[in-house]
Amino acid sequence: MNLYKPTDEHIWTGRKAGQNLYVYQKVEQIDLELQNIPVTADKTFVILGYECDEGVKRNKGRTGSKEGPQTARRQLAKLPHHLNESSAIFDAGNILCVGDDMENAQSVLAEKVAQILNYKGLPLLLGGGHDIAYGHYNGIKKFVGNDQKIGIVNLDAHFDLRSNEDGNNSGTPFYQIATENNNQKFDFPYLCLGIRNDANDSILFERAREWNVKYIEAELFHKQNTSYVINKINEFCKEVDFIYLTIDLDGFSSAFAPGVSAASPMGFSVDIALVALDTLIATNKLISADVAELNPTYDRDDQTAKLAASLLHFIIHKVDLL
């Protein structure tokens with residue numbers, strides 16, 4: 001079975017307007033199986049979905065995140081855009097997880113990410129469980145090769161460094177990346193923002209220290225601590241060639257993001273997340289980004305879907321200004 005499908009064109013609708021004012025009017029749909037991405041635009045943003053919650057299921061979380069990509073698109077479509085005429089947004093469809101074959105979905109995801117990068121697009125992925133990160137990273141690695149260092153910046157309550165001894169899931173992607181790339185011996189370029197003590201056991205903290213993972217705990221990741229956060233991000237970014245940004249929506253307080261697998265009121269707020277994104281993008285090293293764990297089943301008034309859409313909207317517009 002084909003694990004790739006274009007998006008339903010009816011997703012991209014919004015307020016009627018005669019001019020090109022809204023995101024739905026800017027987006028062009030593209031089938032990566034049939035077409036190449038045009039390289040004529042000044043900035044090219046390519047949205048790709050990952051319809052998979054098998055990793056969350058294996059991790060004993062609340063399933064439903066496979067509906068996340070389409071739900072986020074509906075909210076993004078309604079937003080106004082302020083992009084340059086020379087910039088373009090493409091919707092490249094979705095990667096499907098058929099049955100419980102998450103690994104095959106991750107493999108196809110990696111191929112499509114590499115394809116987008118080869119045509120000078122900025123991949124913007126929508127999940128799906130945080131197992132999206134494993135396929136996403138491997139796609140970036142296919143593109144950049146082994147000679148350049150990819151730094152991972154993860155906005156999340158969890159390290160997602162669980163051992164995959166008993167199988168891969170949404171809690172193992174960065175363990176898999178570290179061990180498969182031989183980065184585990186004190187050279188794993190991984191920065192986590194918003195880590196919580198009540199969301200990671202002592203083994204995970206020990207592993208993070210052993211592998212020299214950088215992190216800012218949730219009690220320090222707030223707007224009053226902006227200078228510290230900015231300095232930590234800039235220090236990390238200086239040591240790498242590219243930045244892969246991944247945002248797990250369960251890192252946010254459930255006041256902002258109730259529609260996730262593992263919601264908690266103890267998460268971080270939107271304001272400090274935007275400071276972090278702005279700082280990362282200003283380095284001009286961002287090569288790809290994703291927003292994971294949107295679970296519409298548990299959302300309230302599309303609040304989490306609107307957050308996911310607004311985060312993508314923010315990233316797109318900040319990159320467009322570079």
# chains A, B, ... in the order shown; residues from 1 in each chain; ligands from 1

call {"tool": "closest_atom_pairs", "arguments": {"of": "segment 184-233 of chain A", "to": "segment 248-271 of chain A", "cutoff": "9 Å", "atoms": "only C-alpha atoms", "output": "Markdown table"}}
result
| residue | atom | partner | partner_atom | distance |
| --- | --- | --- | --- | --- |
| A:Leu193 | CA | A:Gly251 | CA | 8.7 |
| A:Gly194 | CA | A:Phe268 | CA | 6.4 |
| A:Ile195 | CA | A:Gly251 | CA | 7.8 |
| A:Arg196 | CA | A:Gly267 | CA | 7.8 |
| A:Ala218 | CA | A:Phe268 | CA | 6.3 |
| A:Glu219 | CA | A:Phe268 | CA | 8.4 |
| A:Phe221 | CA | A:Phe268 | CA | 6.9 |
| A:His222 | CA | A:Phe268 | CA | 6.9 |
| A:Lys223 | CA | A:Asp271 | CA | 6.5 |

call {"tool": "write_last_selection", "arguments": {"atoms": "all heavy atoms", "output": "mmCIF file, in the first residue's frame"}}
result
data_model
loop_
_atom_site.group_PDB
_atom_site.id
_atom_site.type_symbol
_atom_site.label_atom_id
_atom_site.label_comp_id
_atom_site.auth_asym_id
_atom_site.auth_seq_id
_atom_site.Cartn_x
_atom_site.Cartn_y
_atom_site.Cartn_z
ATOM 1 N N LEU A 193 14.185 22.141 25.913
ATOM 2 C CA LEU A 193 13.682 23.322 26.595
ATOM 3 C C LEU A 193 12.331 22.998 27.230
ATOM 4 O O LEU A 193 11.382 22.625 26.525
ATOM 5 C CB LEU A 193 13.524 24.470 25.600
ATOM 6 C CG LEU A 193 14.779 24.849 24.804
ATOM 7 C CD1 LEU A 193 14.453 25.912 23.753
ATOM 8 C CD2 LEU A 193 15.874 25.335 25.725
ATOM 9 N N GLY A 194 12.256 23.128 28.555
ATOM 10 C CA GLY A 194 10.999 22.890 29.251
ATOM 11 C C GLY A 194 10.908 21.553 29.960
ATOM 12 O O GLY A 194 9.810 21.114 30.322
ATOM 13 N N ILE A 195 12.041 20.909 30.191
ATOM 14 C CA ILE A 195 12.076 19.588 30.824
ATOM 15 C C ILE A 195 11.493 19.653 32.242
ATOM 16 O O ILE A 195 11.798 20.552 33.015
ATOM 17 C CB ILE A 195 13.531 19.067 30.868
ATOM 18 C CG1 ILE A 195 13.996 18.709 29.457
ATOM 19 C CG2 ILE A 195 13.667 17.894 31.804
ATOM 20 C CD1 ILE A 195 13.247 17.561 28.808
ATOM 21 N N ARG A 196 10.659 18.653 32.571
ATOM 22 C CA ARG A 196 10.033 18.616 33.892
ATOM 23 C C ARG A 196 10.495 17.392 34.684
ATOM 24 O O ARG A 196 10.592 16.285 34.131
ATOM 25 C CB ARG A 196 8.503 18.568 33.782
ATOM 26 C CG ARG A 196 7.865 19.773 33.146
ATOM 27 C CD ARG A 196 6.409 19.947 33.572
ATOM 28 N NE ARG A 196 5.683 18.718 33.742
ATOM 29 C CZ ARG A 196 4.918 18.145 32.804
ATOM 30 N NH1 ARG A 196 4.818 18.712 31.616
ATOM 31 N NH2 ARG A 196 4.281 17.025 33.051
ATOM 32 N N ALA A 218 11.760 23.245 33.349
ATOM 33 C CA ALA A 218 10.561 24.059 33.204
ATOM 34 C C ALA A 218 10.541 25.250 34.152
ATOM 35 O O ALA A 218 10.084 26.342 33.782
ATOM 36 C CB ALA A 218 9.316 23.192 33.414
ATOM 37 N N GLU A 219 11.049 25.071 35.379
ATOM 38 C CA GLU A 219 11.004 26.172 36.343
ATOM 39 C C GLU A 219 11.932 27.323 35.968
ATOM 40 O O GLU A 219 11.829 28.428 36.531
ATOM 41 C CB GLU A 219 11.318 25.687 37.758
ATOM 42 C CG GLU A 219 12.617 24.946 37.903
ATOM 43 C CD GLU A 219 12.417 23.446 37.870
ATOM 44 O OE1 GLU A 219 11.567 22.975 37.099
ATOM 45 O OE2 GLU A 219 13.123 22.740 38.616
ATOM 46 N N PHE A 221 12.409 27.929 32.504
ATOM 47 C CA PHE A 221 11.999 28.257 31.143
ATOM 48 C C PHE A 221 10.741 29.122 31.198
ATOM 49 O O PHE A 221 9.611 28.658 31.026
ATOM 50 C CB PHE A 221 11.760 26.965 30.351
ATOM 51 C CG PHE A 221 11.588 27.161 28.871
ATOM 52 C CD1 PHE A 221 12.537 27.842 28.126
ATOM 53 C CD2 PHE A 221 10.483 26.642 28.210
ATOM 54 C CE1 PHE A 221 12.386 28.015 26.754
ATOM 55 C CE2 PHE A 221 10.319 26.797 26.845
ATOM 56 C CZ PHE A 221 11.274 27.491 26.116
ATOM 57 N N HIS A 222 10.958 30.419 31.469
ATOM 58 C CA HIS A 222 9.842 31.353 31.572
ATOM 59 C C HIS A 222 10.315 32.751 31.161
ATOM 60 O O HIS A 222 11.522 33.014 31.057
ATOM 61 C CB HIS A 222 9.248 31.364 32.982
ATOM 62 C CG HIS A 222 10.241 31.635 34.072
ATOM 63 N ND1 HIS A 222 10.776 32.880 34.322
ATOM 64 C CD2 HIS A 222 10.806 30.788 34.980
ATOM 65 C CE1 HIS A 222 11.613 32.813 35.329
ATOM 66 N NE2 HIS A 222 11.672 31.556 35.744
ATOM 67 N N LYS A 223 9.376 33.639 30.922
ATOM 68 C CA LYS A 223 9.663 34.951 30.332
ATOM 69 C C LYS A 223 10.580 35.803 31.220
ATOM 70 O O LYS A 223 11.395 36.576 30.710
ATOM 71 C CB LYS A 223 8.342 35.688 30.078
ATOM 72 C CG LYS A 223 8.472 36.932 29.213
ATOM 73 C CD LYS A 223 8.876 36.589 27.785
ATOM 74 C CE LYS A 223 8.964 37.828 26.888
ATOM 75 N NZ LYS A 223 7.662 38.402 26.563
#

call {"tool": "select_by_dssp", "arguments": {"residues": "segment 23-163 of chain A", "states": "helix (DSSP H, G or I)", "output": "PyMOL selection string"}}
result
chain A and resi 23-26+54-58+65-77+102-118+132-144

call {"tool": "atom_distance", "arguments": {"atom1": "atom CA of Ser310 of chain A", "atom2": "atom CA of Tyr215 of chain A"}}
result
24.5 Å

call {"tool": "residues_around", "arguments": {"residues": "Lys57 of chain A", "least_positions_apart": "3", "cutoff": "10 Å", "atoms": "only C-alpha atoms", "output": "ChimeraX atom specification"}}
result
/A:52-54,60-65,100,129,169-170,261

call {"tool": "write_last_selection", "arguments": {"atoms": "all heavy atoms", "output": "short mmCIF file (atom, residue, chain, number, x, y, z; two decimals), in the first residue's frame"}}
result
data_model
loop_
_atom_site.label_atom_id
_atom_site.label_comp_id
_atom_site.auth_asym_id
_atom_site.auth_seq_id
_atom_site.Cartn_x
_atom_site.Cartn_y
_atom_site.Cartn_z
N CYS A 52 0.15 9.39 12.17
CA CYS A 52 0.57 8.19 12.90
C CYS A 52 0.48 8.43 14.40
O CYS A 52 1.03 9.40 14.90
CB CYS A 52 2.00 7.83 12.51
SG CYS A 52 2.64 6.36 13.35
N ASP A 53 -0.22 7.55 15.09
CA ASP A 53 -0.17 7.56 16.56
C ASP A 53 0.18 6.20 17.12
O ASP A 53 -0.06 5.91 18.29
CB ASP A 53 -1.46 8.11 17.17
CG ASP A 53 -2.71 7.36 16.75
OD1 ASP A 53 -2.57 6.26 16.18
OD2 ASP A 53 -3.81 7.86 17.01
N GLU A 54 0.78 5.36 16.27
CA GLU A 54 1.22 4.04 16.72
C GLU A 54 2.28 4.16 17.80
O GLU A 54 2.29 3.38 18.76
CB GLU A 54 1.76 3.23 15.53
CG GLU A 54 2.38 1.89 15.88
CD GLU A 54 1.43 0.90 16.53
OE1 GLU A 54 0.20 1.05 16.34
OE2 GLU A 54 1.92 -0.03 17.20
N LYS A 60 1.92 3.74 25.55
CA LYS A 60 0.80 3.71 26.50
C LYS A 60 0.18 5.09 26.73
O LYS A 60 -0.28 5.41 27.82
CB LYS A 60 1.22 3.07 27.83
CG LYS A 60 1.69 1.62 27.66
CD LYS A 60 2.14 1.01 28.98
CE LYS A 60 2.43 -0.47 28.85
NZ LYS A 60 3.41 -0.79 27.82
N GLY A 61 0.22 5.91 25.68
CA GLY A 61 -0.41 7.22 25.76
C GLY A 61 -1.80 7.22 25.15
O GLY A 61 -2.29 6.19 24.67
N ARG A 62 -2.44 8.38 25.15
CA ARG A 62 -3.78 8.52 24.60
C ARG A 62 -3.69 8.70 23.08
O ARG A 62 -3.07 9.64 22.60
CB ARG A 62 -4.50 9.72 25.22
CG ARG A 62 -4.56 9.67 26.73
CD ARG A 62 -5.46 10.77 27.30
NE ARG A 62 -5.00 12.12 27.00
CZ ARG A 62 -5.62 13.22 27.43
NH1 ARG A 62 -6.72 13.11 28.16
NH2 ARG A 62 -5.15 14.42 27.13
N THR A 63 -4.30 7.80 22.34
CA THR A 63 -4.20 7.86 20.88
C THR A 63 -5.18 8.89 20.31
O THR A 63 -6.12 9.32 20.96
CB THR A 63 -4.48 6.49 20.25
OG1 THR A 63 -5.78 6.04 20.65
CG2 THR A 63 -3.44 5.47 20.70
N GLY A 64 -4.92 9.26 19.06
CA GLY A 64 -5.74 10.26 18.36
C GLY A 64 -4.92 11.27 17.60
O GLY A 64 -5.46 12.06 16.82
N SER A 65 -3.60 11.25 17.79
CA SER A 65 -2.75 12.27 17.17
C SER A 65 -2.62 12.09 15.65
O SER A 65 -2.16 13.02 14.97
CB SER A 65 -1.36 12.28 17.80
OG SER A 65 -0.72 11.03 17.67
N ASP A 100 0.16 -1.25 12.25
CA ASP A 100 1.12 -0.90 13.31
C ASP A 100 2.53 -0.69 12.78
O ASP A 100 3.49 -0.66 13.53
CB ASP A 100 1.13 -1.98 14.40
CG ASP A 100 1.55 -3.35 13.87
OD1 ASP A 100 1.82 -3.46 12.65
OD2 ASP A 100 1.59 -4.30 14.66
N GLY A 129 2.44 11.46 16.50
CA GLY A 129 3.23 11.31 17.71
C GLY A 129 4.64 11.85 17.54
O GLY A 129 5.09 12.13 16.42
N ASN A 169 9.03 3.67 20.10
CA ASN A 169 7.76 4.33 20.36
C ASN A 169 7.97 5.85 20.39
O ASN A 169 9.05 6.33 20.05
CB ASN A 169 7.12 3.81 21.66
CG ASN A 169 8.00 4.01 22.88
OD1 ASN A 169 8.41 5.13 23.19
ND2 ASN A 169 8.30 2.93 23.60
N SER A 170 6.96 6.57 20.82
CA SER A 170 7.06 8.03 20.82
C SER A 170 8.00 8.57 21.88
O SER A 170 8.33 9.76 21.87
CB SER A 170 5.67 8.64 21.02
OG SER A 170 5.13 8.27 22.28
N SER A 261 -1.46 14.02 24.10
CA SER A 261 -1.49 12.70 24.73
C SER A 261 -1.27 12.78 26.23
O SER A 261 -1.92 12.08 27.00
CB SER A 261 -0.43 11.79 24.09
OG SER A 261 -0.34 10.56 24.78
#

call {"tool": "residues_around", "arguments": {"residues": "segment 81-95 of chain A", "least_positions_apart": "4", "cutoff": "7 Å", "atoms": "only C-alpha atoms", "output": "VMD selection string"}}
result
chain A and resid 3 to 7 21 to 23 26 to 32 41 to 51 105 109 317 320

call {"tool": "closest_atom_pairs", "arguments": {"of": "segment 103-163 of chain A", "to": "segment 66-73 of chain A", "cutoff": "9 Å", "atoms": "only C-alpha atoms", "output": "tab-separated table"}}
result
residue	atom	partner	partner_atom	distance
A:Leu125	CA	A:Pro69	CA	8.3
A:Leu126	CA	A:Pro69	CA	5.0
A:Gly127	CA	A:Pro69	CA	5.7
A:Gly128	CA	A:Lys66	CA	4.8
A:Gly129	CA	A:Lys66	CA	7.4

call {"tool": "atom_distance", "arguments": {"atom1": "atom CA of Ile203 of chain A", "atom2": "atom CA of Leu191 of chain A"}}
result
17.7 Å

call {"tool": "atom_distance", "arguments": {"atom1": "atom CA of Leu122 of chain A", "atom2": "atom CA of Ser288 of chain A"}}
result
5.7 Å

call {"tool": "closest_residue", "arguments": {"among": "A:Leu220, A:Ile152, A:Ile287, A:Ile116", "to": "Ala133 of chain A", "atoms": "only C-alpha atoms"}}
result
A:Ile152

call {"tool": "closest_residue", "arguments": {"among": "A:Phe159, A:Trp211, A:Tyr244, A:Tyr175", "to": "Val291 of chain A", "atoms": "only C-alpha atoms"}}
result
A:Tyr244

call {"tool": "decode", "arguments": {"residues": "segment 282-293 of chain A", "atoms": "all heavy atoms", "output": "mmCIF file, in the first residue's frame"}}
result
data_model
loop_
_atom_site.group_PDB
_atom_site.id
_atom_site.type_symbol
_atom_site.label_atom_id
_atom_site.label_comp_id
_atom_site.auth_asym_id
_atom_site.auth_seq_id
_atom_site.Cartn_x
_atom_site.Cartn_y
_atom_site.Cartn_z
ATOM 1 N N ALA A 282 16.734 33.431 14.248
ATOM 2 C CA ALA A 282 17.684 34.521 14.009
ATOM 3 C C ALA A 282 19.098 34.020 13.728
ATOM 4 O O ALA A 282 19.908 34.740 13.135
ATOM 5 C CB ALA A 282 17.693 35.476 15.200
ATOM 6 N N THR A 283 19.422 32.793 14.132
ATOM 7 C CA THR A 283 20.744 32.225 13.845
ATOM 8 C C THR A 283 20.915 31.891 12.364
ATOM 9 O O THR A 283 22.033 31.666 11.900
ATOM 10 C CB THR A 283 20.995 30.947 14.661
ATOM 11 O OG1 THR A 283 20.106 29.906 14.208
ATOM 12 C CG2 THR A 283 20.804 31.179 16.150
ATOM 13 N N ASN A 284 19.794 31.826 11.642
ATOM 14 C CA ASN A 284 19.790 31.467 10.217
ATOM 15 C C ASN A 284 20.336 30.057 9.980
ATOM 16 O O ASN A 284 20.880 29.771 8.910
ATOM 17 C CB ASN A 284 20.573 32.484 9.388
ATOM 18 C CG ASN A 284 20.084 32.554 7.949
ATOM 19 O OD1 ASN A 284 18.974 32.134 7.638
ATOM 20 N ND2 ASN A 284 20.919 33.067 7.071
ATOM 21 N N LYS A 285 20.164 29.189 10.973
ATOM 22 C CA LYS A 285 20.626 27.802 10.844
ATOM 23 C C LYS A 285 19.478 26.797 10.810
ATOM 24 O O LYS A 285 19.714 25.595 10.713
ATOM 25 C CB LYS A 285 21.564 27.448 12.002
ATOM 26 C CG LYS A 285 22.898 28.176 11.959
ATOM 27 C CD LYS A 285 23.841 27.694 13.045
ATOM 28 C CE LYS A 285 25.205 28.372 12.933
ATOM 29 N NZ LYS A 285 26.165 27.852 13.951
ATOM 30 N N LEU A 286 18.236 27.284 10.880
ATOM 31 C CA LEU A 286 17.092 26.376 10.894
ATOM 32 C C LEU A 286 16.955 25.699 9.547
ATOM 33 O O LEU A 286 16.811 26.358 8.521
ATOM 34 C CB LEU A 286 15.807 27.146 11.225
ATOM 35 C CG LEU A 286 14.536 26.303 11.296
ATOM 36 C CD1 LEU A 286 14.569 25.358 12.487
ATOM 37 C CD2 LEU A 286 13.299 27.209 11.373
ATOM 38 N N ILE A 287 16.993 24.361 9.554
ATOM 39 C CA ILE A 287 16.880 23.613 8.304
ATOM 40 C C ILE A 287 15.538 22.931 8.163
ATOM 41 O O ILE A 287 15.081 22.650 7.059
ATOM 42 C CB ILE A 287 18.022 22.570 8.183
ATOM 43 C CG1 ILE A 287 18.057 21.974 6.783
ATOM 44 C CG2 ILE A 287 17.908 21.482 9.261
ATOM 45 C CD1 ILE A 287 19.260 21.094 6.514
ATOM 46 N N SER A 288 14.850 22.682 9.298
ATOM 47 C CA SER A 288 13.578 21.981 9.252
ATOM 48 C C SER A 288 12.910 22.064 10.616
ATOM 49 O O SER A 288 13.589 22.267 11.636
ATOM 50 C CB SER A 288 13.800 20.516 8.857
ATOM 51 O OG SER A 288 12.628 19.939 8.319
ATOM 52 N N ALA A 289 11.575 21.898 10.644
ATOM 53 C CA ALA A 289 10.855 22.012 11.914
ATOM 54 C C ALA A 289 9.611 21.132 11.890
ATOM 55 O O ALA A 289 9.049 20.849 10.828
ATOM 56 C CB ALA A 289 10.454 23.469 12.176
ATOM 57 N N ASP A 290 9.181 20.719 13.080
ATOM 58 C CA ASP A 290 7.905 20.003 13.183
ATOM 59 C C ASP A 290 7.179 20.393 14.459
ATOM 60 O O ASP A 290 7.766 20.897 15.414
ATOM 61 C CB ASP A 290 8.088 18.484 13.094
ATOM 62 C CG ASP A 290 8.923 17.867 14.203
ATOM 63 O OD1 ASP A 290 8.653 18.140 15.390
ATOM 64 O OD2 ASP A 290 9.855 17.082 13.901
ATOM 65 N N VAL A 291 5.870 20.156 14.441
ATOM 66 C CA VAL A 291 5.005 20.317 15.610
ATOM 67 C C VAL A 291 4.302 18.989 15.810
ATOM 68 O O VAL A 291 3.602 18.507 14.904
ATOM 69 C CB VAL A 291 3.976 21.445 15.411
ATOM 70 C CG1 VAL A 291 3.075 21.565 16.638
ATOM 71 C CG2 VAL A 291 4.673 22.772 15.138
ATOM 72 N N ALA A 292 4.503 18.374 16.978
ATOM 73 C CA ALA A 292 4.031 17.007 17.213
ATOM 74 C C ALA A 292 3.021 16.927 18.348
ATOM 75 O O ALA A 292 2.912 17.840 19.169
ATOM 76 C CB ALA A 292 5.229 16.098 17.534
ATOM 77 N N GLU A 293 2.309 15.816 18.369
ATOM 78 C CA GLU A 293 1.431 15.391 19.480
ATOM 79 C C GLU A 293 0.112 16.153 19.572
ATOM 80 O O GLU A 293 -0.547 16.105 20.622
ATOM 81 C CB GLU A 293 2.165 15.459 20.825
ATOM 82 C CG GLU A 293 3.389 14.559 20.923
ATOM 83 C CD GLU A 293 3.048 13.106 21.240
ATOM 84 O OE1 GLU A 293 1.857 12.795 21.423
ATOM 85 O OE2 GLU A 293 3.975 12.285 21.302
#
